[in-house]
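S.K.: My structure is stored as final-v3.txt, with compact mmCIF, C-alpha atoms and all ligand atoms.
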# COMPACT_ATOMS: atom_id res chain seq x y z
CA MET A 1451 0.00 0.00 0.00
CA GLY A 1452 1.39 3.35 -1.01
CA VAL A 1453 1.35 6.72 0.65
CA ILE A 1454 -0.20 9.89 -0.66
CA GLN A 1455 0.61 13.45 0.30
CA ILE A 1456 -2.43 15.65 0.81
CA ASP A 1457 -2.62 19.34 1.59
CA TRP A 1458 -5.10 19.14 4.44
CA HIS A 1459 -7.15 22.18 5.38
CA CYS A 1460 -6.45 24.06 8.57
CA GLU A 1461 -9.21 24.29 11.18
CA CYS A 1462 -9.74 27.84 9.85
CA GLY A 1463 -10.95 26.44 6.52
CA ASP A 1464 -7.93 27.49 4.45
CA GLY A 1465 -5.30 25.26 2.89
CA PRO A 1466 -1.74 25.02 4.23
CA ALA A 1467 -0.45 27.30 1.44
CA SER A 1468 -2.36 30.25 2.95
CA HIS A 1469 -0.37 30.02 6.19
CA TYR A 1470 2.87 31.90 6.77
CA SER A 1471 5.32 32.43 9.61
CA ARG A 1472 6.64 35.85 10.57
CA PRO A 1473 9.17 36.87 13.23
CA ASP A 1474 6.28 38.21 15.31
CA GLY A 1475 4.03 35.16 14.87
CA GLU A 1476 1.85 33.06 12.58
CA VAL A 1477 -0.39 34.60 9.92
CA CYS A 1478 -3.01 33.29 7.50
CA PHE A 1479 -3.80 35.10 4.26
CA GLY A 1480 -6.80 32.90 3.45
CA TRP A 1481 -10.56 33.40 3.62
CA CYS A 1482 -10.56 33.26 7.42
CA GLN A 1483 -9.01 36.73 7.60
CA GLN A 1484 -11.10 39.10 9.68
CA THR A 1485 -13.84 36.51 10.23
CA ASP A 1486 -14.88 34.94 13.54
CA HIS A 1487 -12.65 31.94 12.73
CA ASP A 1488 -9.55 33.93 11.81
CA CYS A 1489 -6.57 31.73 12.75
CA ASN A 1490 -4.19 34.69 12.97
CA GLY A 1491 -1.59 33.95 15.64
CA MET A 1492 -2.61 30.30 16.06
CA GLY A 1493 -0.95 29.05 12.92
CA TYR A 1494 -1.68 26.07 10.74
CA ARG A 1495 -3.72 23.37 12.54
CA PRO A 1496 -4.73 20.50 10.23
CA ILE A 1497 -8.32 19.27 10.55
CA ASN A 1498 -9.10 16.32 12.79
CA HIS A 1499 -9.15 12.82 11.36
CA THR A 1500 -11.79 11.36 13.60
CA ARG A 1501 -12.48 8.41 11.34
CA ARG A 1502 -11.61 6.93 7.96
CA PRO A 1503 -14.80 6.15 6.03
CA PRO A 1504 -14.54 3.15 3.65
CA ALA A 1505 -15.27 5.46 0.70
CA PHE A 1506 -12.26 7.61 1.51
CA ALA A 1507 -9.98 4.60 1.98
CA ALA A 1508 -11.08 3.37 -1.47
CA MET A 1509 -10.41 6.80 -2.98
CA LEU A 1510 -6.85 6.90 -1.69
CA GLU A 1511 -6.31 3.41 -3.05
CA ALA A 1512 -7.61 4.58 -6.44
CA LEU A 1513 -5.36 7.66 -6.40
CA TRP A 1514 -2.37 5.47 -5.68
CA ASN A 1515 -3.23 3.12 -8.54
CA ALA A 1516 -3.92 6.02 -10.89
CA GLY A 1517 -0.62 7.73 -10.22
CA GLY A 1518 1.51 4.59 -10.23
CA GLY A 1519 3.69 6.11 -7.54
CA GLU A 1520 3.51 9.56 -9.11
CA ARG A 1521 1.76 12.36 -7.27
CA TRP A 1522 -1.86 12.46 -8.48
CA PRO A 1523 -3.66 14.79 -8.80
CA LYS A 1524 -0.57 16.74 -9.77
CA HIS A 1525 -1.94 19.95 -8.27
CA PHE A 1526 -4.61 20.98 -5.78
CA SER A 1527 -4.45 17.92 -3.56
CA VAL A 1528 -6.25 20.21 -1.10
CA ASP A 1529 -9.39 19.14 -3.04
CA ILE A 1530 -9.02 15.71 -1.45
CA SER A 1531 -9.24 17.40 1.94
CA THR A 1532 -12.51 19.01 0.80
CA ASP A 1533 -13.80 15.62 -0.38
CA TYR A 1534 -12.85 14.03 2.95
CA GLN A 1535 -14.85 16.62 4.87
CA THR A 1536 -17.86 16.06 2.61
CA ILE A 1537 -17.66 12.28 3.02
CA ILE A 1538 -17.39 12.53 6.81
CA GLY A 1539 -20.81 14.21 6.78
CA LEU A 1540 -22.50 11.73 4.41
CA PRO A 1541 -24.97 9.15 5.71
CA GLU A 1542 -24.05 5.53 5.00
CA GLY A 1543 -25.51 4.22 1.77
CA GLN A 1544 -25.13 7.52 -0.07
CA PRO A 1545 -23.64 6.97 -3.55
CA PHE A 1546 -21.54 9.61 -5.31
CA ILE A 1547 -19.44 10.28 -8.36
CA TRP A 1548 -15.82 11.19 -7.95
CA ILE A 1549 -13.83 12.95 -10.64
CA VAL A 1550 -10.05 13.01 -10.66
CA ARG A 1551 -8.20 15.40 -12.93
CA GLU A 1552 -4.60 16.45 -13.18
CA MET A 1553 -5.63 19.70 -11.47
CA GLY A 1554 -7.63 18.38 -8.55
CA THR A 1555 -10.68 16.32 -7.68
CA HIS A 1556 -14.44 16.86 -7.53
CA LEU A 1557 -17.14 15.02 -5.64
CA LEU A 1558 -20.63 14.98 -7.17
CA LEU A 1559 -23.40 13.98 -4.79
CA LEU A 1560 -26.51 12.29 -6.11
CA ASP A 1561 -29.10 13.39 -3.57
CA ALA A 1562 -32.13 15.45 -4.61
CA GLU A 1563 -30.58 18.87 -3.91
CA SER A 1564 -27.27 18.10 -5.65
CA LEU A 1565 -28.49 16.40 -8.84
CA GLY A 1566 -28.89 19.58 -10.89
CA PHE A 1567 -25.34 20.64 -10.11
CA ALA A 1568 -24.01 17.13 -10.74
CA GLU A 1569 -25.58 17.10 -14.20
CA GLN A 1570 -24.09 20.49 -15.11
CA ALA A 1571 -20.67 19.56 -13.77
CA ALA A 1572 -20.62 16.23 -15.64
CA ARG A 1573 -21.48 18.05 -18.88
CA TYR A 1574 -18.70 20.55 -18.23
CA PHE A 1575 -16.07 17.86 -17.63
CA GLU A 1576 -17.16 15.94 -20.71
CA ARG A 1577 -16.28 18.94 -22.87
CA GLN A 1578 -12.75 19.10 -21.46
CA SER A 1579 -10.04 17.52 -23.57
CA GLU A 1580 -7.82 16.49 -20.65
CA ASN A 1581 -7.52 13.00 -19.29
CA ILE A 1582 -10.22 12.67 -16.62
CA ARG A 1583 -10.82 9.65 -14.40
CA TYR A 1584 -14.36 8.94 -13.25
CA TYR A 1585 -15.33 6.79 -10.31
CA VAL A 1586 -18.65 5.76 -8.78
CA TRP A 1587 -19.04 4.92 -5.08
CA ASN A 1588 -21.99 2.58 -4.56
CA GLY A 1589 -22.73 3.95 -1.11
CA TRP A 1590 -21.45 0.96 0.83
CA ASN A 1591 -18.25 -0.77 -0.17
CA THR A 1592 -17.22 -0.37 -3.81
CA LEU A 1593 -15.51 2.39 -5.77
CA THR A 1594 -15.53 1.57 -9.47
CA LYS A 1595 -13.65 3.29 -12.29
CA VAL A 1596 -16.18 4.09 -14.99
CA SER A 1597 -16.52 5.91 -18.33
CA ALA A 1598 -17.93 9.40 -18.90
CA ASP A 1599 -20.94 7.73 -20.53
CA HIS A 1600 -21.55 5.70 -17.40
CA VAL A 1601 -21.47 8.89 -15.31
CA ARG A 1602 -24.03 10.53 -17.58
CA GLU A 1603 -26.30 7.45 -17.37
CA THR A 1604 -25.92 7.27 -13.56
CA ILE A 1605 -26.97 10.91 -13.15
CA LYS A 1606 -29.83 10.48 -15.62
CA ALA A 1607 -31.09 7.44 -13.71
CA ALA A 1608 -30.86 9.31 -10.38
CA ILE A 1609 -32.86 12.22 -11.80
CA GLN A 1610 -35.45 9.77 -13.18
CA THR A 1611 -35.77 8.07 -9.77
CA GLN A 1612 -36.14 11.47 -8.13
CA GLU A 1613 -38.89 12.51 -10.56
CA ASN A 1614 -40.73 9.22 -10.04
CA GLU A 1615 -40.59 9.66 -6.28
CA GLU A 1616 -41.98 13.18 -6.55
CA MET A 1617 -44.73 11.94 -8.85
CA ALA A 1618 -45.62 9.11 -6.47
CA TYR A 1619 -45.71 11.57 -3.58
CA MET A 1620 -47.94 13.98 -5.46
CA THR A 1621 -50.29 11.19 -6.54
CA GLU A 1622 -50.50 9.97 -2.96
CA ARG A 1623 -51.41 13.46 -1.76
CA GLN A 1624 -54.01 13.78 -4.47
CA TRP A 1625 -55.57 10.49 -3.33
CA ALA A 1626 -55.53 11.68 0.27
CA GLY A 1627 -57.17 14.93 -0.84
CA ASP A 1628 -59.89 13.13 -2.78
CA ARG A 1629 -61.00 11.17 0.23
ZN ZN B 1701 -5.56 28.44 9.58
ZN ZN B 1702 -7.02 30.88 7.53
Will you turn the file into C-alpha cells for me?
M.R.:
Amino acid sequence: MGVIQIDWHCECGDGPASHYSRPDGEVCFGWCQQTDHDCNGMGYRPINHTRRPPAFAAMLEALWNAGGGERWPKHFSVDISTDYQTIIGLPEGQPFIWIVREMGTHLLLLDAESLGFAEQAARYFERQSENIRYYVWNGWNTLTKVSADHVRETIKAAIQTQENEEMAYMTERQWAGDR
C-alpha cells in the first residue's frame, strides 16, 4: 500500500499554502481573515481525522493506482481534503461520483438537492479535452472506475428516480385529498 501526500485544510478552513510564519508570529492570508474563525496567531492546525470512512480509503487506493507512484492529482491535492470533509458528513448508503483530474478532484453527490449541479458539472467535464478519471461509489463498499458515458447514465437514472418519487408523492397526496 502506497502513501499519498495531501494538503489538508487548517481548522480555519484554508489550505496550508495560505499560512505563513513571521518573526512576530503566525499569519493566514486565506478566507478566514477578519472573520470569527480567523486563525491569525494560532498558525496552521490540520483538521481532525476522527475516522476513515470506507469510501475515503477506497479513494486513496484509487489515487495510488492512478498515479503509479507519481503524485496524483498533480496539483490541488487540497481538493481531497474538501472531499474528505464532505464524506465525513454523508450518511451511510449515499452513492456519489468522484472525478479526478490532473488539477484536482471533484465530488458529485446524487441526492435530490445536488443532482442539478451534478448534471451540469458532468457536462462541463465531458467537454474538457484532458484525461479525466471517473469513479462511482456505490454507497457501501465499492468504488468503481467508470466511463464518462456511465457517469451521464448514472446521473440520468438518479434524476429519473427522483422525478418518479416526486410523482408518487404527489399522486398519494391527491388520493388523500380526494378522500
Ligand atoms: Zn488556519
Ligand atoms: Zn485561515
S.K.: I need the residue nearest ligand ZN 1702 (chain B) from this list: A:Pro1523, A:Gly1480, A:Pro1545, A:Gly1452. Use only C-alpha atoms and all ligand atoms for the distance.
M.R.: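 Counting only C-alpha atoms and all ligand atoms, the residue closest to ligand ZN 1702 (chain B) is A:Gly1480.
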S.K.: If I take atom CA of A:Asp1599 and atom CA of A:Leu1510, how far is one from the other in Å, to one decimal?
M.R.: 23.5 Å
S.K.: What is the distance between atom CA of A:Ile1582 and atom CA of A:Ala1562, in Å to one decimal?
M.R.: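 Computing the Euclidean distance for atom CA of A:Ile1582 and atom CA of A:Ala1562 yields 25.1 Å.
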S.K.: With all atoms listed in the file as the counted atoms, please give the residues lying no more than 8 Å from A:Gly1543, apart from itself and same-chain residues fewer than 2 positions off, as a ChimeraX atom specification.
M.R.: /A:1541,1545,1588-1590
S.K.: Could you write out the selected residues, including C-alpha atoms, as a short mmCIF file (atom, residue, chain, number, x, y, z; two decimals), in the frame of the given file?
M.R.:
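Below is the file that was written, part04.cif:
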data_model
loop_
_atom_site.label_atom_id
_atom_site.label_comp_id
_atom_site.auth_asym_id
_atom_site.auth_seq_id
_atom_site.Cartn_x
_atom_site.Cartn_y
_atom_site.Cartn_z
CA PRO A 1541 -24.97 9.15 5.71
CA PRO A 1545 -23.64 6.97 -3.55
CA ASN A 1588 -21.99 2.58 -4.56
CA GLY A 1589 -22.73 3.95 -1.11
CA TRP A 1590 -21.45 0.96 0.83
#
S.K.: Throw together the list of residues within 7 Å of ligand ZN 1702 (chain B), counting only C-alpha atoms and all ligand atoms, and drop it here as a ChimeraX atom specification.
M.R.: /A:1460,1462-1464,1468-1469,1478-1483,1488-1489
S.K.: Enter the distance from atom CA of A:Thr1594 to atom CA of A:Leu1513, in Å, rounded to one decimal.
M.R.: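 Computed distance, atom CA of A:Thr1594 to atom CA of A:Leu1513, equals 12.2 Å.
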S.K.: Could you name the residues that touch A:Ala1571 at 12 Å or less, counting all atoms listed in the file, but leaving out those on the same chain fewer than 3 positions away, as a PDB file with C-alpha atoms, in the coordinates of the input?
M.R.:
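Generated output (part.pdb):
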ATOM      1  CA  ILE A1547     -19.440  10.280  -8.360  1.00  0.00           C
ATOM      2  CA  TRP A1548     -15.820  11.190  -7.950  1.00  0.00           C
ATOM      3  CA  ILE A1549     -13.830  12.950 -10.640  1.00  0.00           C
ATOM      4  CA  HIS A1556     -14.440  16.860  -7.530  1.00  0.00           C
ATOM      5  CA  LEU A1557     -17.140  15.020  -5.640  1.00  0.00           C
ATOM      6  CA  LEU A1558     -20.630  14.980  -7.170  1.00  0.00           C
ATOM      7  CA  LEU A1559     -23.400  13.980  -4.790  1.00  0.00           C
ATOM      8  CA  SER A1564     -27.270  18.100  -5.650  1.00  0.00           C
ATOM      9  CA  LEU A1565     -28.490  16.400  -8.840  1.00  0.00           C
ATOM     10  CA  GLY A1566     -28.890  19.580 -10.890  1.00  0.00           C
ATOM     11  CA  PHE A1567     -25.340  20.640 -10.110  1.00  0.00           C
ATOM     12  CA  ALA A1568     -24.010  17.130 -10.740  1.00  0.00           C
ATOM     13  CA  TYR A1574     -18.700  20.550 -18.230  1.00  0.00           C
ATOM     14  CA  PHE A1575     -16.070  17.860 -17.630  1.00  0.00           C
ATOM     15  CA  GLU A1576     -17.160  15.940 -20.710  1.00  0.00           C
ATOM     16  CA  ARG A1577     -16.280  18.940 -22.870  1.00  0.00           C
ATOM     17  CA  GLN A1578     -12.750  19.100 -21.460  1.00  0.00           C
ATOM     18  CA  ALA A1598     -17.930   9.400 -18.900  1.00  0.00           C
ATOM     19  CA  VAL A1601     -21.470   8.890 -15.310  1.00  0.00           C
ATOM     20  CA  ARG A1602     -24.030  10.530 -17.580  1.00  0.00           C
ATOM     21  CA  ILE A1605     -26.970  10.910 -13.150  1.00  0.00           C
TER      22      ILE A1605
END
S.K.: Let me make sure I understand: among A:Gly1627, A:Pro1503, A:Gly1554, A:Pro1466, which one has the smallest atom-to-atom distance to ligand ZN 1701 (chain B) if we use all atoms listed in the file?
M.R.: A:Pro1466
S.K.: With only C-alpha atoms and all ligand atoms as the atoms that count, which of A:Lys1606, A:Arg1583, A:His1459, A:Arg1501 lies nearest to ligand ZN 1701 (chain B)?
M.R.: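 Looking only at the distances to ligand ZN 1701 (chain B), the closest residue turns out to be A:His1459.
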S.K.: Kindly indicate which residue among A:Ala1626, A:Met1509, A:Ala1467, A:Ile1454 lies nearest to ligand ZN 1701 (chain B), using only C-alpha atoms and all ligand atoms for the distances.
M.R.: A:Ala1467
S.K.: Have a look at A:Leu1540, A:Ile1530, A:Ala1507, A:Val1477 and name the one nearest to ligand ZN 1701 (chain B); count all atoms listed in the file.
M.R.: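 The shortest atom-to-atom distance to ligand ZN 1701 (chain B) comes from A:Val1477.
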S.K.: Taking into account only C-alpha atoms and all ligand atoms, which residue in the set A:Gln1455, A:Ser1471, A:Asn1490, A:Trp1587 is nearest to ligand ZN 1701 (chain B)?
M.R.: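 Of the candidates, the smallest distance to ligand ZN 1701 (chain B) is held by A:Asn1490.
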S.K.: Could you pull the residues within 9 Å of A:Tyr1534, counting all atoms listed in the file, minus those fewer than 4 positions along the same chain, as a CSV table (one decimal) with C-alpha atoms, in the frame of the given file?
M.R.:
chain,number,residue,atom,x,y,z
A,1502,ARG,CA,-11.6,6.9,8.0
A,1503,PRO,CA,-14.8,6.2,6.0
A,1506,PHE,CA,-12.3,7.6,1.5
A,1529,ASP,CA,-9.4,19.1,-3.0
A,1530,ILE,CA,-9.0,15.7,-1.4
A,1538,ILE,CA,-17.4,12.5,6.8
A,1539,GLY,CA,-20.8,14.2,6.8
S.K.: Start from the incomplete input, build N, CA and C atoms for stretch 1465-1483 of chain A, and deliver everything as a CSV table (one decimal), keeping the file's coordinate frame.
M.R.:
chain,number,residue,atom,x,y,z
A,1465,GLY,N,-6.3,26.3,3.1
A,1465,GLY,CA,-5.3,25.3,2.9
A,1465,GLY,C,-4.0,25.7,3.5
A,1466,PRO,N,-3.0,24.7,3.6
A,1466,PRO,CA,-1.7,25.0,4.2
A,1466,PRO,C,-1.0,26.2,3.5
A,1467,ALA,N,-1.2,26.3,2.2
A,1467,ALA,CA,-0.4,27.3,1.4
A,1467,ALA,C,-0.8,28.7,1.8
A,1468,SER,N,-2.0,28.9,2.5
A,1468,SER,CA,-2.4,30.2,3.0
A,1468,SER,C,-1.7,30.7,4.2
A,1469,HIS,N,-1.0,29.7,4.9
A,1469,HIS,CA,-0.4,30.0,6.2
A,1469,HIS,C,1.1,30.4,6.1
A,1470,TYR,N,1.5,31.4,6.8
A,1470,TYR,CA,2.9,31.9,6.8
A,1470,TYR,C,3.4,32.2,8.2
A,1471,SER,N,4.7,32.1,8.3
A,1471,SER,CA,5.3,32.4,9.6
A,1471,SER,C,6.1,33.7,9.5
A,1472,ARG,N,5.9,34.6,10.5
A,1472,ARG,CA,6.6,35.8,10.6
A,1472,ARG,C,7.4,35.9,11.9
A,1473,PRO,N,8.4,36.8,12.0
A,1473,PRO,CA,9.2,36.9,13.2
A,1473,PRO,C,8.2,37.1,14.4
A,1474,ASP,N,7.2,37.9,14.2
A,1474,ASP,CA,6.3,38.2,15.3
A,1474,ASP,C,5.1,37.2,15.5
A,1475,GLY,N,5.1,36.2,14.7
A,1475,GLY,CA,4.0,35.2,14.9
A,1475,GLY,C,3.5,34.6,13.6
A,1476,GLU,N,2.5,33.8,13.7
A,1476,GLU,CA,1.8,33.1,12.6
A,1476,GLU,C,0.7,33.9,11.9
A,1477,VAL,N,0.7,33.9,10.6
A,1477,VAL,CA,-0.4,34.6,9.9
A,1477,VAL,C,-1.0,33.7,8.9
A,1478,CYS,N,-2.3,34.0,8.6
A,1478,CYS,CA,-3.0,33.3,7.5
A,1478,CYS,C,-3.6,34.3,6.6
A,1479,PHE,N,-3.3,34.2,5.2
A,1479,PHE,CA,-3.8,35.1,4.3
A,1479,PHE,C,-5.0,34.5,3.5
A,1480,GLY,N,-5.7,33.5,4.1
A,1480,GLY,CA,-6.8,32.9,3.4
A,1480,GLY,C,-8.1,33.6,3.7
A,1481,TRP,N,-9.2,32.8,3.5
A,1481,TRP,CA,-10.6,33.4,3.6
A,1481,TRP,C,-11.0,33.7,5.1
A,1482,CYS,N,-10.2,33.1,6.0
A,1482,CYS,CA,-10.6,33.3,7.4
A,1482,CYS,C,-10.3,34.7,7.9
A,1483,GLN,N,-9.4,35.4,7.2
A,1483,GLN,CA,-9.0,36.7,7.6
A,1483,GLN,C,-10.2,37.6,8.0
